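Remarks on the structure that follows.
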Amino acid sequence: MIPADPLSRARELINTGALAEAWHPVRCALAMEPASSSGLTVAGQIAIRQNAAASAVRYFTRAAQAGIGRDHRVLLNLARAQQAVGRTGPAIATARLATRLAPADPDARRLLFLLLIEADRSAEADGILRDGDENGLNPAVAMRIARRLSTDNRFVKLAARMLNRAMREPGDHIPDAIGGLLTAPTTPDPQRLAMARKALLLSPATMVAMDVVALGHARDGTKVRQASWLWRSSMVRPDDLPRLARAAERTYEVRWPRAGIAANRALLKVRPGAFSLVDRICQLHILQKDPEQALAFGRDQLDRKPADPRIWDAVAGMYKSVGCLDEALALWPEIIRRFPQYYTLYYNFSLFLDEQNRLAEATVLGKAALILKPDYLIAANHLSVVMHRQERTDIAMQYIERALKINDRHANAHMNKGNYLRATGHYGRAVASFRRAEEAAAGDPASVASCRFNAGMSKIAVGELEDGFRLIEARWATKEFPSPKRAFRQAIWPGPHAAPASDLLLYMEQGLGDEFMMSWYIPLIRRDVRRLVVDCNERLVDLFSRSYEGVEFIRASTESYSIAQKSGLQYKIPSFHVPQFYVAEMKKLIRDNWDWAERGGTRFPARLTIAPDRLDRWRRWLDERFPDRPRIAVSWRSRLRNRDRDRQYLTVEQIASVIPSGSVVINLQYSSTEEELDEFREIGHRRDFLVATPDGVDLTDDLEDILAILQEADAAVTPLISLAWMAGTVGCPTYVFRTSAERLLWHQMGTPFVPWAPCLKLFFRHSAESWGPTIADVRHALSDYLRSPLRA
């Protein structure tokens, strides 16, 4: 029984693998219609599946003859069969005919392309595929083609297309093929890098691809990324020592602690005792800031008893830098006992002792270094610094002159000499030294900036304001300047004469006290510009908005950049750039208030406008709780602590010694502890004064409450920290402690008082002196003021 559609039955049997049974319906169909193109095609398909390619050629040839011009797919079948029996030339001709019959069929183009490639007719193949045709190729086939074509620079683009296809699917063939392609001299660098990145997605451990990516990052200057790929590749090939050495060097160079420590320690196993590697690892542990790991590494190295004293010294320096001070203090003397003639050890130990404020011991070690090496420049320079810290400036000058005799082009020595001259009041000579330092530091932008900054501060201190403030524009180029430079896109304002009626962004800088100081200039700038936007501490926005009309205040944050960008502002200026443009106004202020050289410590008109309800609240709080008592606001230190700052601060006992009997102390010390307040109250009980902390006030953030209290207080007593400048803006009589060998502040601008805050009265002590005499002076001056008619 013959089925109604024998070819359909044949196809079903083919799909189930019953090839022998499939012949019967096919023969039936051909018996009924010998020239059936469909029947002959199915016969050819069966022959192909039975590996009878020659028979398939005969069937497909007859099918093509029977259906010529109607279905190009018959030609594709014939071409494949011809290829299978090795008749590549006829297969190409057949496939080409198929592409002419069906120019839109990508299968026809792909077959012709593959046949031409197989026949080594690559030039003909190059123009066959259209964009995207390669996506239909088998990935492994595409990779083989790419490998073959990559050796001929005529087919670089075609090879890249094949590689892009191959890269979309993983396979065991990929790493070797990638290696061949990426190392081909005909592959352009940008294309090579793109290939390598794609390859690594599919084969992450392909060494050649890693190398290509690392080289690409080296060429474009992204050294951190280069280091990353070098480190990855060295982990894949840990036995490749040159590769490991490159990874160790680069990860150290880019200061990548985790990978750098691992790479350099791996290399150290191969090169034990290599100082350069130990030193690198020590520096990277310092960056990592993990004391336990640093100690473990240091102990491991020292247990080996290295013969190189530099290794011992590097470990001691690492201990110091990661905060293991006890270990460092114990180690350095041991190193010196082992290597008594190695002068660098004495110098480094002296530096450490200086940092610990053990100045007498640092002096002994510094002198020992100079005995061992009389021309030891940095030791002489440092010894001068140690002497200066001990207030032995005359001896410091001797050592700095010795350093300059060794090398009169040593910028830091000239800088230190300028500092010593300024401390002894020789400002002109100090500026000359800073200029010499600047000349010697040419080529070192940070050092040049420090020289200019110091010269500028010296000039401001003696009243050369325009030149001084112009010089301190260099401040941001100095090392570790405390206030970050803001990346607003506008150009720097050249001043009111060069750019009048501008739209200007003024941004405050440095600390809170500096923002209060520099707010003095806001009305002057507003007078000279068309529009003024001020970027300031968010705690000051409402206060400044109330105090200065016609000015827009925005809070300093990342949002400032978008606001400034969208506001159409022409110029920007940081606050400490401003004073050079208003020297005449400052000179007038000084002239009009010269009598405040004597009147300092009495009330001055406030320039900030405090909210009336705040003033009323704190006035009532003071009147109700402490009637008929003098109200004295106090602070005694900042939260920021270091050796230089600590010289400015007082203890609770010392600040309490200033307070007259019968007074009330209003505690405005934002970082006070309960122990300190208990001590203050106990002293007050013995000396007959009260101590109170304002109710419900955050002494860090509630600035307007603090300002209201200062405006209502009779006086304030404080070191020169932000509270002093806050008091100055509301005119509170303020008695200021200050440690200074110069016995003046640059803020005085060459005058006997502080122009920005005339109500401040300064009390100086030399750092070699105790606070006792200065405390007595403040106590007497404060008591006299509280008893005088000026208090009213």
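Labeling convention for the structure tokens: chains A, B, ... as they appear, residues from 1 per chain, ligands from 1 in order of appearance.
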Taking 4 positions as the minimum chain separation for residues in the same chain, which residues sit within 7 Å of Ala209 (chain A) when counting only C-alpha atoms? Answer as a CSV table (one decimal) with N, CA, C and O atoms, in the first residue's frame.
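Below is the file that was written, out-v4.csv:
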chain,number,residue,atom,x,y,z
A,196,ALA,N,41.8,40.7,22.7
A,196,ALA,CA,42.2,40.0,23.9
A,196,ALA,C,41.2,40.1,25.0
A,196,ALA,O,40.9,39.2,25.8
A,199,ALA,N,38.5,37.7,24.3
A,199,ALA,CA,39.0,36.3,24.5
A,199,ALA,C,39.0,35.9,26.0
A,199,ALA,O,38.7,34.8,26.4
A,200,LEU,N,39.4,36.9,26.8
A,200,LEU,CA,39.5,36.6,28.3
A,200,LEU,C,38.1,36.4,28.9
A,200,LEU,O,38.1,35.8,30.0
A,213,VAL,N,46.6,42.6,27.0
A,213,VAL,CA,45.9,43.6,27.8
A,213,VAL,C,46.8,44.4,28.7
A,213,VAL,O,46.7,45.6,28.8
- [ ] With a distance cut-off of 9 Å and only C-alpha atoms, select the neighbouring residues of Pro6 (chain A), excluding the residue or stretch itself and same-chain residues fewer than 3 positions from it, and output the selection as a PyMOL selection string.
- [x] chain A and resi 2-3+9-11+24-29
- [ ] Write down as a VMD selection string the residues of region 591-781 of chain A whose backbone DSSP state falls under strand (DSSP E).
- [x] chain A and resid 631 to 634 664 to 667 690 to 692 715 to 719 734 to 739 760 to 765
Got time to write the residues from that selection, C-alpha atoms, as a short mmCIF file (atom, residue, chain, number, x, y, z; two decimals), in the first residue's frame?
data_model
loop_
_atom_site.label_atom_id
_atom_site.label_comp_id
_atom_site.auth_asym_id
_atom_site.auth_seq_id
_atom_site.Cartn_x
_atom_site.Cartn_y
_atom_site.Cartn_z
CA ARG A 631 29.13 84.95 82.30
CA ILE A 632 32.35 83.61 80.80
CA ALA A 633 32.25 81.23 77.84
CA VAL A 634 35.22 78.87 77.71
CA VAL A 664 29.70 81.34 85.94
CA VAL A 665 31.57 79.33 83.32
CA ILE A 666 29.53 78.52 80.21
CA ASN A 667 31.12 75.38 78.82
CA LEU A 690 29.79 77.79 88.75
CA VAL A 691 30.13 75.60 85.66
CA ALA A 692 27.20 75.06 83.29
CA ALA A 715 33.50 87.42 77.81
CA ALA A 716 35.08 84.31 76.33
CA VAL A 717 38.37 82.58 77.16
CA THR A 718 39.85 80.16 74.62
CA PRO A 719 42.90 79.16 72.63
CA THR A 734 37.59 87.29 73.90
CA TYR A 735 40.80 86.49 75.76
CA VAL A 736 42.94 84.27 73.58
CA PHE A 737 45.82 82.01 74.60
CA ARG A 738 48.52 81.49 72.03
CA THR A 739 51.92 79.79 71.94
CA LEU A 760 40.08 89.52 70.51
CA LYS A 761 42.86 90.20 73.01
CA LEU A 762 45.93 88.01 72.48
CA PHE A 763 48.12 86.60 75.23
CA PHE A 764 51.31 84.94 74.02
CA ARG A 765 53.75 82.62 75.66
#
Exercise: Ala104 (chain A) partners within 12 Å, only C-alpha atoms, chain neighbours under 4 positions left out, as a PDB file with C-alpha atoms, in the first residue's frame:
ATOM      1  CA  HIS A  72      18.485  27.369  -5.042  1.00  0.00           C
ATOM      2  CA  ALA A  98      23.058  29.379  -5.808  1.00  0.00           C
ATOM      3  CA  THR A  99      24.064  32.827  -4.611  1.00  0.00           C
ATOM      4  CA  ARG A 100      23.038  34.291  -7.957  1.00  0.00           C
ATOM      5  CA  ALA A 108      24.411  30.444   0.192  1.00  0.00           C
ATOM      6  CA  ARG A 109      27.026  33.117   0.825  1.00  0.00           C
ATOM      7  CA  ARG A 110      28.430  31.262   3.839  1.00  0.00           C
ATOM      8  CA  LEU A 129      30.137  37.708   3.306  1.00  0.00           C
ATOM      9  CA  ARG A 130      27.930  40.600   4.208  1.00  0.00           C
ATOM     10  CA  ASP A 133      26.841  36.643   7.857  1.00  0.00           C
TER      11      ASP A 133
END
- [ ] Do a neighbour search on region 319-325 of chain A at 12 Å with only C-alpha atoms, toss out local chain neighbours closer than 5 positions, and write the hits as a VMD selection string.
- [x] chain A and resid 282 to 299 312 to 314 330 to 332 348 to 349 351 to 353 355 to 356
Just the selected residues (N, CA, C and O atoms), exported as a CSV table (one decimal), in the first residue's frame, please.
chain,number,residue,atom,x,y,z
A,282,CYS,N,57.9,46.3,53.1
A,282,CYS,CA,57.7,47.1,54.2
A,282,CYS,C,56.8,48.3,53.9
A,282,CYS,O,55.9,48.7,54.6
A,283,GLN,N,57.2,49.0,52.7
A,283,GLN,CA,56.4,50.1,52.3
A,283,GLN,C,55.0,49.8,52.0
A,283,GLN,O,54.1,50.6,52.3
A,284,LEU,N,54.7,48.6,51.5
A,284,LEU,CA,53.4,48.2,51.1
A,284,LEU,C,52.6,47.9,52.4
A,284,LEU,O,51.4,48.1,52.5
A,285,HIS,N,53.3,47.3,53.4
A,285,HIS,CA,52.6,47.1,54.7
A,285,HIS,C,52.2,48.4,55.4
A,285,HIS,O,51.2,48.5,56.0
A,286,ILE,N,53.0,49.4,55.2
A,286,ILE,CA,52.7,50.7,55.7
A,286,ILE,C,51.4,51.2,55.1
A,286,ILE,O,50.5,51.8,55.7
A,287,LEU,N,51.3,51.0,53.8
A,287,LEU,CA,50.1,51.5,53.1
A,287,LEU,C,48.9,50.6,53.5
A,287,LEU,O,47.8,51.1,53.5
A,288,GLN,N,49.1,49.4,53.7
A,288,GLN,CA,48.0,48.5,54.1
A,288,GLN,C,47.4,48.8,55.5
A,288,GLN,O,46.3,48.5,55.8
A,289,LYS,N,48.3,49.3,56.4
A,289,LYS,CA,47.9,49.7,57.7
A,289,LYS,C,47.3,48.6,58.5
A,289,LYS,O,46.3,48.7,59.2
A,290,ASP,N,48.0,47.5,58.4
A,290,ASP,CA,47.6,46.3,59.2
A,290,ASP,C,48.8,45.9,60.1
A,290,ASP,O,49.7,45.2,59.7
A,291,PRO,N,48.8,46.4,61.4
A,291,PRO,CA,49.9,46.2,62.3
A,291,PRO,C,50.3,44.8,62.5
A,291,PRO,O,51.5,44.4,62.5
A,292,GLU,N,49.3,43.9,62.6
A,292,GLU,CA,49.6,42.5,62.9
A,292,GLU,C,50.3,41.9,61.7
A,292,GLU,O,51.3,41.1,61.9
A,293,GLN,N,49.9,42.1,60.5
A,293,GLN,CA,50.6,41.5,59.4
A,293,GLN,C,52.0,42.1,59.2
A,293,GLN,O,53.0,41.4,58.9
A,294,ALA,N,52.1,43.4,59.5
A,294,ALA,CA,53.4,44.1,59.4
A,294,ALA,C,54.4,43.5,60.4
A,294,ALA,O,55.6,43.2,60.1
A,295,LEU,N,53.9,43.3,61.7
A,295,LEU,CA,54.8,42.7,62.7
A,295,LEU,C,55.2,41.3,62.3
A,295,LEU,O,56.3,40.9,62.5
A,296,ALA,N,54.2,40.5,61.8
A,296,ALA,CA,54.5,39.1,61.4
A,296,ALA,C,55.6,39.1,60.3
A,296,ALA,O,56.6,38.3,60.4
A,297,PHE,N,55.5,40.0,59.3
A,297,PHE,CA,56.5,40.0,58.3
A,297,PHE,C,57.9,40.4,58.9
A,297,PHE,O,58.9,39.8,58.6
A,298,GLY,N,57.8,41.5,59.7
A,298,GLY,CA,59.1,42.0,60.3
A,298,GLY,C,59.8,40.9,61.1
A,298,GLY,O,61.0,40.7,61.0
A,299,ARG,N,59.1,40.2,61.9
A,299,ARG,CA,59.7,39.2,62.8
A,299,ARG,C,60.2,38.1,61.9
A,299,ARG,O,61.3,37.5,62.2
A,312,TRP,N,67.2,45.6,58.5
A,312,TRP,CA,66.7,45.9,59.9
A,312,TRP,C,66.1,47.3,60.0
A,312,TRP,O,65.1,47.5,60.7
A,313,ASP,N,66.8,48.3,59.4
A,313,ASP,CA,66.3,49.6,59.4
A,313,ASP,C,64.9,49.8,58.8
A,313,ASP,O,64.0,50.5,59.3
A,314,ALA,N,64.7,49.1,57.6
A,314,ALA,CA,63.4,49.1,56.9
A,314,ALA,C,62.3,48.6,57.8
A,314,ALA,O,61.2,49.1,57.9
A,330,ALA,N,62.1,49.5,70.8
A,330,ALA,CA,63.0,48.4,71.2
A,330,ALA,C,64.0,47.9,70.2
A,330,ALA,O,65.1,47.5,70.5
A,331,LEU,N,63.6,48.0,68.9
A,331,LEU,CA,64.4,47.5,67.8
A,331,LEU,C,65.5,48.4,67.4
A,331,LEU,O,66.6,47.8,67.2
A,332,TRP,N,65.4,49.7,67.4
A,332,TRP,CA,66.4,50.5,66.9
A,332,TRP,C,67.7,50.4,67.7
A,332,TRP,O,68.8,50.3,67.1
A,348,ASN,N,67.8,57.8,61.4
A,348,ASN,CA,66.4,57.3,61.4
A,348,ASN,C,65.9,57.2,62.9
A,348,ASN,O,64.7,57.5,63.1
A,349,PHE,N,66.7,56.7,63.8
A,349,PHE,CA,66.3,56.6,65.2
A,349,PHE,C,66.1,58.0,65.7
A,349,PHE,O,65.1,58.2,66.5
A,351,LEU,N,65.0,60.6,64.0
A,351,LEU,CA,63.7,61.0,63.5
A,351,LEU,C,62.6,60.5,64.3
A,351,LEU,O,61.6,61.2,64.7
A,352,PHE,N,62.7,59.2,64.6
A,352,PHE,CA,61.6,58.5,65.4
A,352,PHE,C,61.5,59.2,66.8
A,352,PHE,O,60.4,59.5,67.2
A,353,LEU,N,62.6,59.4,67.5
A,353,LEU,CA,62.5,60.0,68.8
A,353,LEU,C,62.0,61.4,68.7
A,353,LEU,O,61.2,61.9,69.6
A,355,GLU,N,59.8,62.5,66.6
A,355,GLU,CA,58.3,62.3,66.4
A,355,GLU,C,57.6,62.0,67.7
A,355,GLU,O,56.4,62.3,67.9
A,356,GLN,N,58.3,61.3,68.6
A,356,GLN,CA,57.8,61.0,69.9
A,356,GLN,C,58.0,62.1,70.9
A,356,GLN,O,57.7,61.9,72.1
Write out as a compact mmCIF listing (two decimals) with N, CA, C and O atoms, in the first residue's frame the set of residues from region 618-755 of chain A that DSSP, computed on the backbone, places in alpha helix (DSSP H).
# COMPACT_ATOMS: atom_id res chain seq x y z
N TRP A 618 18.52 82.58 75.03
CA TRP A 618 19.73 82.43 75.84
C TRP A 618 19.92 83.59 76.81
O TRP A 618 20.53 83.43 77.87
N ARG A 619 19.38 84.76 76.45
CA ARG A 619 19.43 85.87 77.41
C ARG A 619 18.61 85.52 78.64
O ARG A 619 19.04 85.70 79.79
N ARG A 620 17.40 84.96 78.42
CA ARG A 620 16.55 84.57 79.55
C ARG A 620 17.18 83.42 80.33
O ARG A 620 17.13 83.38 81.56
N TRP A 621 17.77 82.47 79.61
CA TRP A 621 18.41 81.31 80.29
C TRP A 621 19.52 81.80 81.22
O TRP A 621 19.63 81.34 82.37
N LEU A 622 20.34 82.72 80.75
CA LEU A 622 21.43 83.25 81.58
C LEU A 622 20.89 84.09 82.74
O LEU A 622 21.36 83.97 83.88
N ASP A 623 19.91 84.93 82.43
CA ASP A 623 19.38 85.83 83.48
C ASP A 623 18.67 85.04 84.58
O ASP A 623 18.79 85.35 85.77
N GLU A 624 17.92 84.01 84.17
CA GLU A 624 17.15 83.27 85.16
C GLU A 624 18.02 82.34 86.00
O GLU A 624 17.81 82.19 87.20
N ARG A 625 19.02 81.74 85.38
CA ARG A 625 19.84 80.77 86.10
C ARG A 625 21.02 81.40 86.82
O ARG A 625 21.46 80.90 87.87
N ARG A 643 51.44 67.17 68.00
CA ARG A 643 52.45 67.84 68.83
C ARG A 643 52.35 69.36 68.73
O ARG A 643 52.39 70.06 69.75
N ASP A 644 52.24 69.89 67.53
CA ASP A 644 52.20 71.34 67.38
C ASP A 644 50.91 71.94 67.92
O ASP A 644 50.93 72.99 68.58
N ARG A 645 49.79 71.28 67.66
CA ARG A 645 48.51 71.81 68.16
C ARG A 645 48.44 71.72 69.67
O ARG A 645 47.90 72.61 70.33
N ASP A 646 48.97 70.63 70.23
CA ASP A 646 48.86 70.46 71.68
C ASP A 646 49.58 71.57 72.44
O ASP A 646 49.25 71.84 73.60
N VAL A 652 42.18 71.58 81.94
CA VAL A 652 41.05 72.14 82.69
C VAL A 652 41.55 72.96 83.87
O VAL A 652 41.05 74.06 84.16
N GLU A 653 42.56 72.46 84.55
CA GLU A 653 43.12 73.19 85.69
C GLU A 653 43.63 74.55 85.26
O GLU A 653 43.41 75.56 85.94
N GLN A 654 44.30 74.61 84.13
CA GLN A 654 44.87 75.88 83.66
C GLN A 654 43.78 76.86 83.25
O GLN A 654 43.83 78.04 83.60
N ILE A 655 42.79 76.42 82.49
CA ILE A 655 41.74 77.33 82.05
C ILE A 655 40.91 77.79 83.25
O ILE A 655 40.45 78.93 83.32
N ALA A 656 40.75 76.91 84.22
CA ALA A 656 39.98 77.27 85.41
C ALA A 656 40.70 78.33 86.23
O ALA A 656 40.05 79.12 86.95
N GLU A 674 33.19 63.88 80.39
CA GLU A 674 32.56 63.99 81.71
C GLU A 674 33.60 64.15 82.80
O GLU A 674 33.39 64.87 83.77
N GLU A 675 34.75 63.49 82.63
CA GLU A 675 35.82 63.63 83.63
C GLU A 675 36.31 65.06 83.69
O GLU A 675 36.56 65.61 84.78
N GLU A 676 36.45 65.69 82.51
CA GLU A 676 36.90 67.08 82.48
C GLU A 676 35.87 68.00 83.15
O GLU A 676 36.23 68.90 83.92
N LEU A 677 34.60 67.77 82.85
CA LEU A 677 33.57 68.63 83.44
C LEU A 677 33.48 68.41 84.95
O LEU A 677 33.27 69.37 85.71
N ASP A 678 33.63 67.18 85.40
CA ASP A 678 33.63 66.93 86.85
C ASP A 678 34.79 67.65 87.51
O ASP A 678 34.64 68.25 88.59
N GLU A 679 35.95 67.62 86.84
CA GLU A 679 37.11 68.33 87.39
C GLU A 679 36.86 69.83 87.44
O GLU A 679 37.18 70.51 88.43
N PHE A 680 36.25 70.36 86.38
CA PHE A 680 35.97 71.79 86.31
C PHE A 680 35.01 72.19 87.44
O PHE A 680 35.20 73.21 88.14
N ARG A 681 33.96 71.39 87.63
CA ARG A 681 32.99 71.71 88.69
C ARG A 681 33.63 71.63 90.07
O ARG A 681 33.32 72.44 90.96
N GLU A 682 34.52 70.66 90.26
CA GLU A 682 35.17 70.52 91.56
C GLU A 682 36.06 71.73 91.84
O GLU A 682 36.08 72.26 92.96
N ILE A 683 36.78 72.19 90.81
CA ILE A 683 37.61 73.39 90.98
C ILE A 683 36.72 74.60 91.25
O ILE A 683 37.03 75.45 92.11
N GLY A 684 35.60 74.70 90.51
CA GLY A 684 34.68 75.81 90.72
C GLY A 684 34.13 75.83 92.13
O GLY A 684 33.96 76.91 92.74
N HIS A 685 33.85 74.65 92.68
CA HIS A 685 33.35 74.58 94.05
C HIS A 685 34.37 75.14 95.03
O HIS A 685 34.03 75.86 95.98
N ARG A 686 35.65 74.84 94.79
CA ARG A 686 36.71 75.32 95.69
C ARG A 686 36.97 76.81 95.50
O ARG A 686 37.34 77.50 96.45
N ARG A 687 36.80 77.31 94.28
CA ARG A 687 37.18 78.70 93.98
C ARG A 687 35.97 79.62 93.81
O ARG A 687 36.12 80.76 93.37
N LEU A 703 25.49 75.86 65.82
CA LEU A 703 26.37 77.04 65.83
C LEU A 703 25.62 78.32 66.19
O LEU A 703 26.18 79.20 66.85
N GLU A 704 24.39 78.43 65.74
CA GLU A 704 23.69 79.69 66.02
C GLU A 704 23.38 79.82 67.51
O GLU A 704 23.39 80.91 68.06
N ASP A 705 23.12 78.70 68.20
CA ASP A 705 22.95 78.75 69.65
C ASP A 705 24.25 79.18 70.31
O ASP A 705 24.25 79.98 71.25
N ILE A 706 25.36 78.63 69.85
CA ILE A 706 26.66 79.00 70.43
C ILE A 706 26.93 80.48 70.20
O ILE A 706 27.38 81.19 71.12
N LEU A 707 26.65 80.97 69.00
CA LEU A 707 26.87 82.39 68.71
C LEU A 707 25.97 83.28 69.56
O LEU A 707 26.39 84.35 70.03
N ALA A 708 24.73 82.84 69.76
CA ALA A 708 23.82 83.61 70.61
C ALA A 708 24.34 83.68 72.04
O ALA A 708 24.31 84.74 72.70
N ILE A 709 24.83 82.55 72.55
CA ILE A 709 25.40 82.53 73.91
C ILE A 709 26.61 83.45 73.99
O ILE A 709 26.77 84.22 74.95
N LEU A 710 27.47 83.41 72.97
CA LEU A 710 28.66 84.27 72.96
C LEU A 710 28.26 85.74 72.93
O LEU A 710 28.87 86.59 73.58
N GLN A 711 27.22 86.06 72.16
CA GLN A 711 26.79 87.46 72.08
C GLN A 711 26.21 87.94 73.41
O GLN A 711 26.35 89.10 73.78
N GLU A 712 25.60 87.04 74.15
CA GLU A 712 25.02 87.40 75.44
C GLU A 712 26.00 87.26 76.60
O GLU A 712 25.75 87.78 77.68
N SER A 722 38.32 77.65 66.59
CA SER A 722 37.14 78.22 65.91
C SER A 722 36.27 79.04 66.85
O SER A 722 35.65 80.02 66.42
N LEU A 723 36.22 78.69 68.14
CA LEU A 723 35.38 79.46 69.06
C LEU A 723 35.82 80.92 69.13
O LEU A 723 34.99 81.81 69.26
N ALA A 724 37.13 81.16 69.06
CA ALA A 724 37.61 82.54 69.10
C ALA A 724 37.08 83.34 67.92
O ALA A 724 36.63 84.49 68.07
N TRP A 725 37.09 82.73 66.74
CA TRP A 725 36.60 83.45 65.56
C TRP A 725 35.09 83.59 65.58
O TRP A 725 34.55 84.60 65.08
N MET A 726 34.40 82.63 66.15
CA MET A 726 32.96 82.78 66.31
C MET A 726 32.66 83.95 67.24
O MET A 726 31.78 84.78 66.96
N ALA A 727 33.39 84.00 68.35
CA ALA A 727 33.19 85.11 69.28
C ALA A 727 33.48 86.44 68.61
O ALA A 727 32.79 87.45 68.83
N GLY A 728 34.53 86.46 67.76
CA GLY A 728 34.88 87.70 67.06
C GLY A 728 33.79 88.20 66.15
O GLY A 728 33.61 89.41 66.01
N THR A 729 33.02 87.30 65.53
CA THR A 729 31.99 87.74 64.59
C THR A 729 30.79 88.36 65.29
O THR A 729 30.03 89.09 64.67
Task: Residue nearest Leu329 (chain A) among A:Gln748, A:Ser350, A:Gln341, A:Gln580 (counting only C-alpha atoms) - done: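 Smallest distance to Leu329 (chain A) is found for A:Ser350.
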Task: Selection: 10 Å around Pro204 (chain A), only C-alpha atoms, excl. self and same-chain fewer than 3 positions, as a ChimeraX atom specification - done: /A:175,197-201,207,209-210,232-233,236
Hey, can you spit out that residue selection with C-alpha atoms as a compact mmCIF listing (two decimals), in the first residue's frame?
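part29.txt, freshly written:
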# COMPACT_ATOMS: atom_id res chain seq x y z
CA PRO A 175 43.45 29.65 23.93
CA ARG A 197 39.49 41.43 26.15
CA LYS A 198 36.85 39.39 24.38
CA ALA A 199 39.05 36.31 24.51
CA LEU A 200 39.49 36.60 28.27
CA LEU A 201 35.75 36.49 28.79
CA MET A 207 48.40 34.05 28.94
CA ALA A 209 45.62 37.63 25.99
CA MET A 210 46.64 38.76 29.48
CA ARG A 232 46.90 37.78 37.35
CA SER A 233 49.18 36.29 34.75
CA VAL A 236 48.66 31.53 36.36
TODO: Record the distance separating CA of Val583 (chain A) and CA of Leu465 (chain A), expressed in Å with one decimal.
DONE: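 Between these atoms lies a distance of 6.4 Å.
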- [ ] Would you list the contacts of region 253-265 of chain A as a ChimeraX atom specification, taking every protein, DNA or RNA residue within 10 Å and counting only C-alpha atoms, but skipping same-chain residues closer than 4 positions in sequence?
- [x] /A:222-228,231-232,234-235,238,244-249,269-272,276-289,297
Open item on the list: Just want the 12 Å neighbourhood of Pro309 (chain A), counted on only C-alpha atoms, with same-chain residues fewer than 2 positions away dropped. Output as a count of residues only.
Closed with: 30
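What separates CA of Ile117 (chain A) from CA of Ile48 (chain A) is a distance of 22.7 Å.
Take the candidates A:Gly468, A:Leu615, A:Phe544, A:Thr558 and check each one against Gly750 (chain A) using only C-alpha atoms; the shortest distance goes to A:Gly468.
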Task: For CA of Gly731 (chain A) and CA of Leu512 (chain A), the interatomic separation in Å (one decimal) - done: 17.3 Å
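Closest approach to Arg402 (chain A) among A:Trp596, A:Ala56, A:Ala380, A:Arg422: A:Ala380, based on only C-alpha atoms.
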